[in-house]
file input_18.csv (CSV, C-alpha atoms)
chain,number,residue,atom,x,y,z
A,102,MET,CA,-32.5,-25.5,244.2
A,103,PHE,CA,-30.0,-27.2,246.4
A,104,ALA,CA,-32.1,-26.8,249.5
A,105,THR,CA,-35.1,-28.2,247.6
A,106,ALA,CA,-33.1,-31.2,246.5
A,107,ILE,CA,-32.0,-31.9,250.0
A,108,ILE,CA,-35.6,-31.7,251.4
A,109,VAL,CA,-36.9,-34.1,248.8
A,110,PHE,CA,-33.9,-36.4,249.1
A,111,ARG,CA,-34.5,-36.7,252.8
A,112,GLU,CA,-38.1,-37.7,252.3
A,113,VAL,CA,-37.5,-40.1,249.5
A,114,LEU,CA,-34.4,-41.7,251.1
A,115,GLU,CA,-36.3,-43.6,253.8
A,116,ALA,CA,-38.9,-45.1,251.5
A,117,ALA,CA,-36.2,-46.0,248.9
A,118,ILE,CA,-34.1,-47.8,251.5
A,119,ILE,CA,-37.1,-49.8,252.7
A,120,ILE,CA,-38.0,-50.8,249.2
A,121,GLY,CA,-34.4,-51.6,248.3
A,122,ILE,CA,-34.0,-54.0,251.3
A,123,LEU,CA,-37.4,-55.6,250.8
A,124,ALA,CA,-36.9,-56.1,247.1
A,125,ALA,CA,-33.6,-57.9,247.9
A,126,ALA,CA,-35.1,-59.9,250.8
A,127,THR,CA,-37.9,-61.3,248.6
A,128,ARG,CA,-35.7,-62.0,245.6
A,129,SER,CA,-36.7,-65.7,245.4
A,130,ILE,CA,-40.4,-65.3,246.0
A,131,HIS,CA,-42.3,-65.6,242.8
A,132,GLY,CA,-43.8,-62.3,241.6
A,133,SER,CA,-42.6,-60.3,244.6
A,134,LYS,CA,-41.5,-57.4,242.4
A,135,ARG,CA,-45.0,-57.0,241.1
A,136,TRP,CA,-46.3,-56.9,244.7
A,137,LEU,CA,-43.7,-54.3,245.7
A,138,ALA,CA,-44.6,-52.2,242.6
A,139,ALA,CA,-48.3,-52.4,243.5
A,140,GLY,CA,-47.4,-51.2,247.0
A,141,LEU,CA,-45.4,-48.3,245.6
A,142,LEU,CA,-48.3,-47.2,243.4
A,143,ALA,CA,-50.8,-47.5,246.2
A,144,GLY,CA,-48.5,-45.5,248.4
A,145,LEU,CA,-48.1,-42.7,245.9
A,146,ILE,CA,-51.9,-42.4,245.5
A,147,GLY,CA,-52.2,-42.6,249.3
A,148,ALA,CA,-49.6,-39.8,249.7
A,149,GLY,CA,-51.7,-37.5,247.5
A,150,VAL,CA,-54.8,-38.3,249.5
A,151,VAL,CA,-53.1,-37.7,252.8
A,152,ALA,CA,-51.6,-34.4,251.5
A,153,ALA,CA,-55.0,-33.2,250.5
A,154,PHE,CA,-56.4,-34.0,253.9
A,155,THR,CA,-53.5,-32.7,255.9
A,156,ASP,CA,-55.7,-30.1,257.6
A,157,ALA,CA,-58.4,-32.6,258.5
A,158,ILE,CA,-55.9,-35.1,259.9
A,159,GLY,CA,-54.0,-32.4,261.7
A,160,ASN,CA,-57.1,-31.1,263.4
A,161,PHE,CA,-58.2,-34.5,264.5
A,162,ALA,CA,-57.9,-35.2,268.3
A,163,SER,CA,-57.3,-31.5,269.2
A,164,GLY,CA,-54.3,-31.0,267.0
A,165,ILE,CA,-52.3,-34.2,267.5
A,166,GLY,CA,-53.9,-36.1,264.6
A,167,GLN,CA,-50.8,-36.0,262.5
A,168,GLU,CA,-48.7,-37.7,265.3
A,169,LEU,CA,-51.4,-40.3,265.9
A,170,PHE,CA,-51.6,-41.0,262.2
A,171,ASN,CA,-47.9,-41.4,261.9
A,172,ALA,CA,-47.7,-43.6,265.0
A,173,ILE,CA,-50.4,-46.0,263.7
A,174,VAL,CA,-48.8,-46.2,260.3
A,175,LEU,CA,-45.4,-46.9,261.8
A,176,CYS,CA,-46.8,-49.6,264.2
A,177,LEU,CA,-48.6,-51.3,261.3
A,178,ALA,CA,-45.4,-51.4,259.3
A,179,VAL,CA,-43.5,-52.8,262.4
A,180,LEU,CA,-46.1,-55.6,262.7
A,181,MET,CA,-45.8,-56.5,259.0
A,182,LEU,CA,-42.0,-56.5,259.1
A,183,ALA,CA,-42.1,-58.7,262.2
A,184,TRP,CA,-44.4,-61.1,260.4
A,185,HIS,CA,-42.1,-61.1,257.4
A,186,ASN,CA,-39.1,-62.0,259.5
A,187,ILE,CA,-40.9,-64.7,261.5
A,188,TRP,CA,-42.2,-66.2,258.2
A,189,MET,CA,-38.7,-66.2,256.8
A,190,ALA,CA,-37.5,-68.0,259.9
A,191,SER,CA,-39.7,-71.0,259.0
A,192,HIS,CA,-39.3,-70.8,255.2
A,193,GLY,CA,-35.8,-69.3,254.8
A,194,ALA,CA,-34.0,-72.6,254.2
A,195,ALA,CA,-36.4,-73.6,251.5
A,196,LEU,CA,-36.1,-70.1,249.9
A,197,ALA,CA,-32.3,-70.3,250.0
A,198,SER,CA,-32.2,-73.7,248.2
A,199,SER,CA,-34.8,-72.6,245.7
A,200,ALA,CA,-32.8,-69.5,244.9
A,201,LYS,CA,-29.7,-71.6,244.3
A,202,SER,CA,-31.5,-73.7,241.7
A,203,LEU,CA,-32.4,-70.9,239.3
A,204,GLY,CA,-35.9,-70.6,238.0
A,205,LYS,CA,-37.4,-72.7,240.8
A,206,ASN,CA,-39.5,-70.5,242.9
A,207,ILE,CA,-41.5,-70.9,246.1
A,208,SER,CA,-45.0,-70.5,245.0
A,209,ASN,CA,-46.6,-70.1,248.4
A,210,GLY,CA,-45.5,-66.5,248.9
A,211,THR,CA,-48.7,-64.6,248.1
A,212,ARG,CA,-49.7,-63.8,251.7
A,213,GLU,CA,-46.1,-62.9,252.5
A,214,CYS,CA,-45.8,-60.5,249.6
A,215,SER,CA,-49.1,-58.8,250.4
A,216,ALA,CA,-47.7,-58.0,253.9
A,217,LEU,CA,-44.6,-56.4,252.3
A,218,MET,CA,-46.8,-54.6,249.8
A,219,VAL,CA,-48.5,-52.9,252.8
A,220,VAL,CA,-45.1,-52.0,254.3
A,221,VAL,CA,-43.9,-50.3,251.0
A,222,GLY,CA,-47.3,-48.6,250.6
A,223,LEU,CA,-47.2,-47.2,254.1
A,224,ALA,CA,-43.6,-46.0,253.8
A,225,VAL,CA,-44.3,-44.2,250.5
A,226,LEU,CA,-47.5,-42.8,251.9
A,227,ARG,CA,-45.8,-41.4,255.0
A,228,GLU,CA,-42.8,-39.9,253.4
A,229,GLY,CA,-44.5,-39.0,250.1
A,230,SER,CA,-47.3,-36.9,251.6
A,231,GLU,CA,-44.8,-34.4,253.0
A,232,THR,CA,-43.0,-34.2,249.6
A,233,VAL,CA,-46.3,-33.6,247.8
A,234,LEU,CA,-47.2,-30.8,250.3
A,235,PHE,CA,-43.7,-29.2,249.9
A,236,LEU,CA,-43.8,-29.3,246.1
A,237,TYR,CA,-47.4,-28.0,246.1
A,238,GLY,CA,-46.2,-25.1,248.2
A,239,ILE,CA,-43.6,-24.2,245.6
A,240,ALA,CA,-46.0,-24.6,242.7
A,241,ALA,CA,-48.6,-22.4,244.5
A,242,SER,CA,-46.3,-19.6,245.5
A,243,GLU,CA,-45.8,-16.8,243.0
A,244,SER,CA,-42.2,-16.2,243.5
A,245,ASP,CA,-39.5,-16.6,240.8
A,246,GLY,CA,-37.3,-19.6,240.5
A,247,GLN,CA,-40.1,-22.2,240.5
A,248,SER,CA,-38.6,-24.2,237.7
A,249,SER,CA,-35.2,-24.4,239.4
A,250,MET,CA,-36.9,-25.5,242.6
A,251,LEU,CA,-38.8,-28.2,240.8
A,252,LEU,CA,-35.6,-29.3,239.1
A,253,GLY,CA,-34.1,-29.5,242.6
A,254,GLY,CA,-37.0,-31.7,243.7
A,255,LEU,CA,-36.4,-34.0,240.8
A,256,THR,CA,-32.7,-34.2,241.6
A,257,GLY,CA,-33.5,-35.1,245.2
A,258,LEU,CA,-36.0,-37.7,244.0
A,259,LEU,CA,-33.4,-39.4,241.7
A,260,ALA,CA,-30.7,-39.2,244.3
A,261,GLY,CA,-32.9,-41.0,246.8
A,262,ILE,CA,-33.9,-43.7,244.3
A,263,ALA,CA,-30.2,-44.1,243.4
A,264,VAL,CA,-29.3,-44.9,247.1
A,265,GLY,CA,-32.2,-47.4,247.4
A,266,TYR,CA,-31.1,-49.1,244.2
A,267,THR,CA,-27.4,-49.2,245.4
A,268,ILE,CA,-28.5,-51.0,248.6
A,269,PHE,CA,-30.6,-53.4,246.5
A,270,ALA,CA,-27.8,-54.2,244.1
A,271,GLY,CA,-25.2,-54.4,246.9
A,272,LEU,CA,-27.3,-56.9,248.9
A,273,LEU,CA,-27.7,-59.1,245.8
A,274,ARG,CA,-23.9,-59.6,245.7
A,275,ILE,CA,-23.9,-61.2,249.1
A,276,PRO,CA,-23.3,-65.0,248.9
A,277,MET,CA,-26.4,-67.0,249.3
A,278,ARG,CA,-25.1,-68.7,252.4
A,279,TRP,CA,-25.3,-65.4,254.3
A,280,PHE,CA,-28.0,-63.7,252.2
A,281,PHE,CA,-31.1,-64.3,254.2
A,282,SER,CA,-29.5,-63.8,257.6
A,283,THR,CA,-28.2,-60.5,256.3
A,284,THR,CA,-31.6,-59.3,255.0
A,285,GLY,CA,-33.2,-60.7,258.1
A,286,VAL,CA,-31.0,-58.5,260.4
A,287,LEU,CA,-31.6,-55.5,258.2
A,288,VAL,CA,-35.4,-55.9,258.3
A,289,LEU,CA,-35.2,-56.5,262.1
A,290,LEU,CA,-33.4,-53.2,262.5
A,291,LEU,CA,-35.7,-51.4,260.1
A,292,ALA,CA,-38.7,-52.5,262.3
A,293,ALA,CA,-37.0,-51.5,265.5
A,294,GLY,CA,-36.2,-48.1,264.1
A,295,MET,CA,-39.8,-47.6,263.1
A,296,ALA,CA,-41.0,-48.6,266.6
A,297,SER,CA,-38.7,-45.9,268.0
A,298,GLN,CA,-40.1,-43.4,265.6
A,299,ALA,CA,-43.6,-44.4,266.6
A,300,ALA,CA,-42.7,-43.6,270.2
A,301,HIS,CA,-41.2,-40.3,269.2
A,302,ASN,CA,-44.5,-39.3,267.5
A,303,LEU,CA,-46.5,-40.4,270.6
A,304,ILE,CA,-44.1,-38.3,272.8
A,305,GLN,CA,-44.6,-35.3,270.6
A,306,ALA,CA,-48.4,-35.7,270.9
A,307,ASP,CA,-47.9,-36.0,274.7
A,308,LEU,CA,-49.5,-39.5,274.8
A,309,LEU,CA,-46.3,-41.0,276.2
A,310,PRO,CA,-43.8,-39.7,278.7
A,311,SER,CA,-40.3,-39.2,277.2
A,312,LEU,CA,-38.4,-40.9,280.1
A,313,ALA,CA,-35.1,-39.0,280.2
A,314,ALA,CA,-34.9,-36.8,277.2
A,315,PRO,CA,-32.4,-36.8,275.6
A,316,LEU,CA,-30.8,-40.0,276.7
A,317,TRP,CA,-27.6,-39.0,274.9
A,318,ASP,CA,-26.6,-36.3,272.5
A,319,THR,CA,-24.4,-37.2,269.6
A,320,SER,CA,-25.7,-34.5,267.4
A,321,ALA,CA,-22.3,-32.8,267.3
A,322,LEU,CA,-20.5,-36.0,266.4
A,323,LEU,CA,-23.1,-37.6,264.0
A,324,PRO,CA,-25.9,-35.2,263.1
A,325,GLU,CA,-29.0,-36.5,261.4
A,326,SER,CA,-28.8,-33.6,259.0
A,327,GLY,CA,-25.6,-35.0,257.5
A,328,LEU,CA,-25.6,-37.9,255.0
A,329,PRO,CA,-24.1,-40.6,257.3
A,330,GLY,CA,-26.6,-39.7,260.1
A,331,MET,CA,-29.5,-39.7,257.6
A,332,LEU,CA,-28.5,-43.1,256.3
A,333,LEU,CA,-28.1,-44.6,259.7
A,334,HIS,CA,-31.4,-43.1,260.8
A,335,SER,CA,-33.2,-44.8,257.9
A,336,LEU,CA,-31.3,-48.1,258.1
A,337,VAL,CA,-31.0,-48.8,261.9
A,338,GLY,CA,-33.2,-46.1,263.5
A,339,TYR,CA,-30.2,-44.0,264.6
A,340,ASP,CA,-31.3,-41.0,266.7
A,341,SER,CA,-28.8,-38.3,267.8
A,342,ARG,CA,-31.0,-37.2,270.7
A,343,PRO,CA,-33.3,-40.1,271.6
A,344,ALA,CA,-35.8,-40.1,274.5
A,345,GLY,CA,-35.6,-43.0,276.9
A,346,MET,CA,-39.1,-44.2,275.7
A,347,GLN,CA,-37.8,-44.5,272.2
A,348,LEU,CA,-35.1,-47.0,273.4
A,349,VAL,CA,-37.8,-48.9,275.3
A,350,PHE,CA,-39.8,-49.3,272.0
A,351,TYR,CA,-36.7,-50.1,270.0
A,352,LEU,CA,-35.6,-52.9,272.3
A,353,THR,CA,-39.2,-54.2,272.8
A,354,ALA,CA,-39.6,-54.6,269.1
A,355,LEU,CA,-36.2,-56.1,268.7
A,356,ILE,CA,-36.7,-58.7,271.4
A,357,ALA,CA,-40.3,-59.5,270.4
A,358,ILE,CA,-39.3,-60.2,266.8
A,359,VAL,CA,-36.2,-62.2,267.6
A,360,THR,CA,-38.2,-64.3,270.0
A,361,GLY,CA,-40.8,-64.9,267.3
A,362,MET,CA,-38.1,-65.9,264.8
A,363,ARG,CA,-36.5,-68.4,267.3
A,364,TRP,CA,-39.9,-69.9,268.0
A,365,ALA,CA,-40.7,-70.3,264.3
A,366,GLY,CA,-37.3,-71.8,263.7
A,367,ALA,CA,-37.8,-74.3,266.5
A,368,GLN,CA,-41.2,-75.2,265.0
A,369,ARG,CA,-39.7,-75.9,261.7
A,370,GLN,CA,-37.0,-78.1,263.3
A,371,SER,CA,-39.6,-80.2,265.2
A,372,VAL,CA,-41.8,-80.5,262.1
A,373,LYS,CA,-38.8,-81.8,260.1
A,374,ALA,CA,-37.8,-84.2,262.9
A,375,SER,CA,-41.3,-85.7,263.2
A,376,ARG,CA,-41.3,-86.4,259.4
A,377,GLN,CA,-38.1,-88.4,259.6
A,378,PRO,CA,-39.0,-92.1,259.6
A,379,GLY,CA,-38.1,-93.5,263.1
B,54,MET,CA,-50.6,-78.7,261.0
B,55,LYS,CA,-49.9,-75.8,258.8
B,56,ARG,CA,-52.7,-73.7,260.3
B,57,LEU,CA,-51.3,-74.5,263.8
B,58,LEU,CA,-47.9,-73.3,262.7
B,59,LEU,CA,-49.4,-70.1,261.4
B,60,VAL,CA,-51.4,-69.5,264.6
B,61,THR,CA,-48.2,-70.1,266.6
B,62,LEU,CA,-46.4,-67.6,264.5
B,63,MET,CA,-49.0,-65.0,264.9
B,64,LEU,CA,-49.0,-65.2,268.7
B,65,PRO,CA,-45.8,-63.2,269.4
B,66,VAL,CA,-47.0,-60.6,266.9
B,67,ALA,CA,-50.4,-60.3,268.6
B,68,ALA,CA,-48.7,-60.1,272.0
B,69,PHE,CA,-46.5,-57.3,270.6
B,70,ALA,CA,-49.5,-55.4,269.3
B,71,THR,CA,-51.3,-55.7,272.6
B,72,GLY,CA,-48.3,-54.4,274.4
B,73,PHE,CA,-48.2,-51.4,272.1
B,74,LEU,CA,-51.8,-50.7,272.7
B,75,LEU,CA,-51.6,-51.0,276.4
B,76,ILE,CA,-48.6,-48.7,276.6
B,77,SER,CA,-50.4,-46.1,274.5
B,78,LEU,CA,-53.6,-46.4,276.5
B,79,LEU,CA,-52.1,-46.3,280.0
B,80,PHE,CA,-50.0,-43.2,279.6
B,81,PRO,CA,-52.5,-40.4,278.7
B,82,ILE,CA,-52.9,-39.9,282.4
B,83,ALA,CA,-49.4,-38.5,282.4
B,84,ALA,CA,-50.4,-36.2,279.6
B,85,LEU,CA,-52.6,-34.1,281.9
B,86,ALA,CA,-49.4,-32.7,283.5
B,87,ALA,CA,-48.7,-30.3,280.6
B,88,ASP,CA,-48.8,-26.8,282.1
B,89,ALA,CA,-47.4,-24.0,280.0
B,90,ASP,CA,-49.3,-22.8,276.8
B,91,PHE,CA,-47.6,-20.9,274.0
B,92,THR,CA,-48.9,-19.8,270.6
B,93,LEU,CA,-46.9,-19.2,267.4
B,94,THR,CA,-48.2,-17.7,264.2
B,95,ILE,CA,-47.0,-18.1,260.7
B,96,LYS,CA,-47.6,-15.2,258.3
B,97,ASP,CA,-45.9,-14.3,255.1
B,98,HIS,CA,-43.5,-17.3,255.7
B,99,GLN,CA,-42.3,-15.8,259.0
B,100,PHE,CA,-42.9,-16.8,262.6
B,101,GLN,CA,-44.5,-14.4,265.1
B,102,PRO,CA,-43.0,-14.0,267.7
B,103,THR,CA,-39.5,-15.0,266.6
B,104,GLU,CA,-38.5,-15.5,270.2
B,105,ILE,CA,-40.4,-17.4,272.8
B,106,ASN,CA,-39.3,-17.5,276.5
B,107,VAL,CA,-40.4,-20.6,278.2
B,108,PRO,CA,-39.8,-22.0,281.7
B,109,ALA,CA,-37.1,-24.6,281.9
B,110,GLY,CA,-38.0,-28.0,283.3
B,111,LYS,CA,-41.6,-27.9,282.3
B,112,LYS,CA,-43.6,-29.5,279.6
B,113,ILE,CA,-44.8,-27.0,277.0
B,114,LYS,CA,-47.8,-27.0,274.8
B,115,LEU,CA,-47.1,-25.1,271.6
B,116,ARG,CA,-50.0,-24.1,269.3
B,117,ILE,CA,-49.1,-23.1,265.8
B,118,GLU,CA,-51.4,-21.2,263.5
B,119,ASN,CA,-50.6,-21.0,259.9
B,120,GLN,CA,-52.2,-17.9,258.3
B,121,ASP,CA,-50.5,-18.4,254.9
B,122,ALA,CA,-52.3,-20.3,252.1
B,123,THR,CA,-49.3,-22.7,251.7
B,124,PRO,CA,-48.3,-25.5,254.1
B,125,GLU,CA,-45.3,-25.1,256.4
B,126,GLU,CA,-43.3,-27.6,258.4
B,127,PHE,CA,-42.2,-26.5,261.9
B,128,GLU,CA,-38.9,-28.1,262.5
B,129,SER,CA,-36.2,-27.9,265.1
B,130,ASN,CA,-33.1,-30.2,265.3
B,131,GLU,CA,-32.4,-29.0,268.9
B,132,LEU,CA,-36.0,-29.7,270.0
B,133,LYS,CA,-36.2,-32.8,267.8
B,134,ARG,CA,-39.6,-31.7,266.5
B,135,GLU,CA,-41.1,-31.8,263.0
B,136,LYS,CA,-44.7,-31.0,262.2
B,137,VAL,CA,-46.5,-30.1,259.0
B,138,ILE,CA,-49.2,-27.4,259.3
B,139,ALA,CA,-51.6,-27.1,256.4
B,140,GLY,CA,-52.3,-23.8,254.7
B,141,HIS,CA,-54.7,-21.8,257.0
B,142,GLY,CA,-54.4,-24.7,259.4
B,143,LYS,CA,-53.7,-25.1,263.1
B,144,ALA,CA,-51.6,-27.7,265.0
B,145,THR,CA,-50.6,-28.5,268.5
B,146,LEU,CA,-47.4,-30.1,269.7
B,147,TYR,CA,-45.6,-30.7,273.0
B,148,ILE,CA,-42.0,-30.0,273.8
B,149,GLY,CA,-39.8,-30.4,276.8
B,150,PRO,CA,-39.3,-30.5,279.7
B,151,LEU,CA,-36.2,-28.5,278.5
B,152,VAL,CA,-32.9,-27.9,280.0
B,153,ALA,CA,-32.2,-24.1,280.1
B,154,GLY,CA,-30.8,-22.9,276.8
B,155,HIS,CA,-31.5,-21.8,273.2
B,156,TYR,CA,-33.5,-23.9,270.9
B,157,PRO,CA,-33.7,-22.6,267.3
B,158,PHE,CA,-36.5,-23.6,265.1
B,159,PHE,CA,-37.4,-22.9,261.4
B,160,GLY,CA,-40.0,-23.5,258.8
B,161,GLU,CA,-38.5,-26.2,256.5
B,162,TYR,CA,-40.4,-25.1,253.5
B,163,HIS,CA,-39.3,-21.5,253.8
B,164,LYS,CA,-36.0,-21.7,255.6
B,165,ASN,CA,-34.8,-18.3,254.4
B,166,THR,CA,-37.5,-16.3,256.1
B,167,ALA,CA,-39.1,-18.6,258.7
B,168,GLN,CA,-36.7,-18.6,261.7
B,169,GLY,CA,-37.1,-18.4,265.4
B,170,VAL,CA,-35.8,-19.5,268.7
B,171,ILE,CA,-37.2,-20.9,272.0
B,172,ILE,CA,-35.3,-19.8,275.1
B,173,ALA,CA,-35.8,-21.9,278.1
B,174,GLN,CA,-34.9,-20.2,281.4

call {"tool": "encode", "arguments": {"input": "input_18.csv", "output": "structure tokens"}}
result
Amino acid sequence: MFATAIIVFREVLEAAIIIGILAAATRSIHGSKRWLAAGLLAGLIGAGVVAAFTDAIGNFASGIGQELFNAIVLCLAVLMLAWHNIWMASHGAALASSAKSLGKNISNGTRECSALMVVVGLAVLREGSETVLFLYGIAASESDGQSSMLLGGLTGLLAGIAVGYTIFAGLLRIPMRWFFSTTGVLVLLLAAGMASQAAHNLIQADLLPSLAAPLWDTSALLPESGLPGMLLHSLVGYDSRPAGMQLVFYLTALIAIVTGMRWAGAQRQSVKASRQPG
Amino acid sequence: MKRLLLVTLMLPVAAFATGFLLISLLFPIAALAADADFTLTIKDHQFQPTEINVPAGKKIKLRIENQDATPEEFESNELKREKVIAGHGKATLYIGPLVAGHYPFFGEYHKNTAQGVIIAQ
């Protein structure tokens, strides 16, 4: 039962952390919770579909379909998160002031929310399909102890959700002055971590060279099988034995998004300045 | 004005996407260098063989065939590999080049029985 709980917890954790951070980051956008819930539901349905077609996906492209699929899903999520952060860079100030005056919401957030709905959907789809397969395996096997394993699965699920909610509730306690810069940094690191994971998948499929693997080995100090390593992996993309190529992807994503945010911030400043009567 | 702003915002994103695509398209040439082929079978939630000897310093292509009806996840912390293989399914993954040493692997869905090790020499 314990082993089952850990497996399910690991899968749920990453999606729960992403949802927790995004739910906090969009706190003052009207109707954002409904969009995120829609993403969650779509992701759950998608996870079932992906699990049912695991064999077909796996056989695609002579056996590396699963890696290709993961890499594409991860890259899409990176693009959406990048767009979110760049959008925030030009709307953040307005959002912060509207969040201060309770009840007044920014209405123009529909497109923004639909991008985050996609991120949530993709995260749940990717992590959820493996959980579905795993639980299906338990249910299909004829061994004893099925109920205790399913109970373990439920425990893992609830524990994962609890971590996600803790992050959400913790972020909401941050004073408004620092709030959007904090969630901005978190989303930035989430995106960079996903870019690194995309590279890892492409290396496993032999579509990318690894470039010095591993670059370092901190698995004795901070293993990803332990809770701190697991949390850091989901939050900032920590890897105990990264390939050089993963770092290239990580830094590329980081620099590209920060550049985009600076750009958008500068645009906002110049728009503001041109509106000032001379 | 607003549209202009939006287009400007999308530019770095588009550039980033193009970069990703280019990198992924340029490198398959390097992929042809894989040289050693090994096959692993899963039956009754056990790996066969349980020990694979591979050359160190070479890229290895590992084919995994799952003869069980239930799915299994090939996993190794040391190799940093994770891959789900559907029931009665097949999969391919690449590992290495490895430094000489022992690299244990296991089936995450049946950890008690599905254990094995890759030895790079």

call {"tool": "atom_distance", "arguments": {"input": "input_18.csv", "atom1": "CA of Cys176 (chain A)", "atom2": "CA of Glu228 (chain A)"}}
result
15.1 Å

call {"tool": "interface_residues", "arguments": {"input": "input_18.csv", "of": "chain A", "to": "chain B", "cutoff": "6 Å", "atoms": "only C-alpha atoms", "output": "number ranges by chain"}}
result
A: 155-156, 164, 238, 305-309, 361

call {"tool": "residues_around", "arguments": {"input": "input_18.csv", "residues": "Gly147 (chain A)", "least_positions_apart": "6", "cutoff": "8 Å", "atoms": "only C-alpha atoms", "output": "MDAnalysis selection string"}}
result
chainID A and resid 222 226 230

call {"tool": "atom_distance", "arguments": {"input": "input_18.csv", "atom1": "CA of Gly160 (chain B)", "atom2": "CA of Gly265 (chain A)"}}
result
27.6 Å

call {"tool": "atom_distance", "arguments": {"input": "input_18.csv", "atom1": "CA of Phe100 (chain B)", "atom2": "CA of Ala167 (chain B)"}}
result
5.7 Å

call {"tool": "closest_residue", "arguments": {"input": "input_18.csv", "among": "A:Val174, A:Met362, A:Met346, A:Val109", "to": "Ile304 (chain A)", "atoms": "all atoms listed in the file"}}
result
A:Met346

call {"tool": "residues_near_point", "arguments": {"input": "input_18.csv", "point": "(-32.1, -55.2, 266.2)", "cutoff": "12 Å", "atoms": "only C-alpha atoms", "output": "ChimeraX atom specification"}}
result
/A:183,186,283-297,336-339,348,350-360

call {"tool": "residues_near_point", "arguments": {"input": "input_18.csv", "point": "(-23.7, -35.9, 262.2)", "cutoff": "12 Å", "atoms": "all atoms listed in the file", "output": "ChimeraX atom specification"}}
result
/A:318-334,339-342 /B:130

call {"tool": "closest_residue", "arguments": {"input": "input_18.csv", "among": "B:Ser129, B:Asn119, B:Asn165, B:Gln174", "to": "Lys96 (chain B)", "atoms": "all atoms listed in the file"}}
result
B:Asn119

call {"tool": "closest_residue", "arguments": {"input": "input_18.csv", "among": "A:Phe235, A:Trp364, A:Trp279, A:Tyr266", "to": "Thr105 (chain A)", "atoms": "only C-alpha atoms"}}
result
A:Phe235

call {"tool": "closest_residue", "arguments": {"input": "input_18.csv", "among": "A:Leu142, A:Ile130, A:Ala365, A:Ala157", "to": "Thr211 (chain A)", "atoms": "all atoms listed in the file"}}
result
A:Ile130
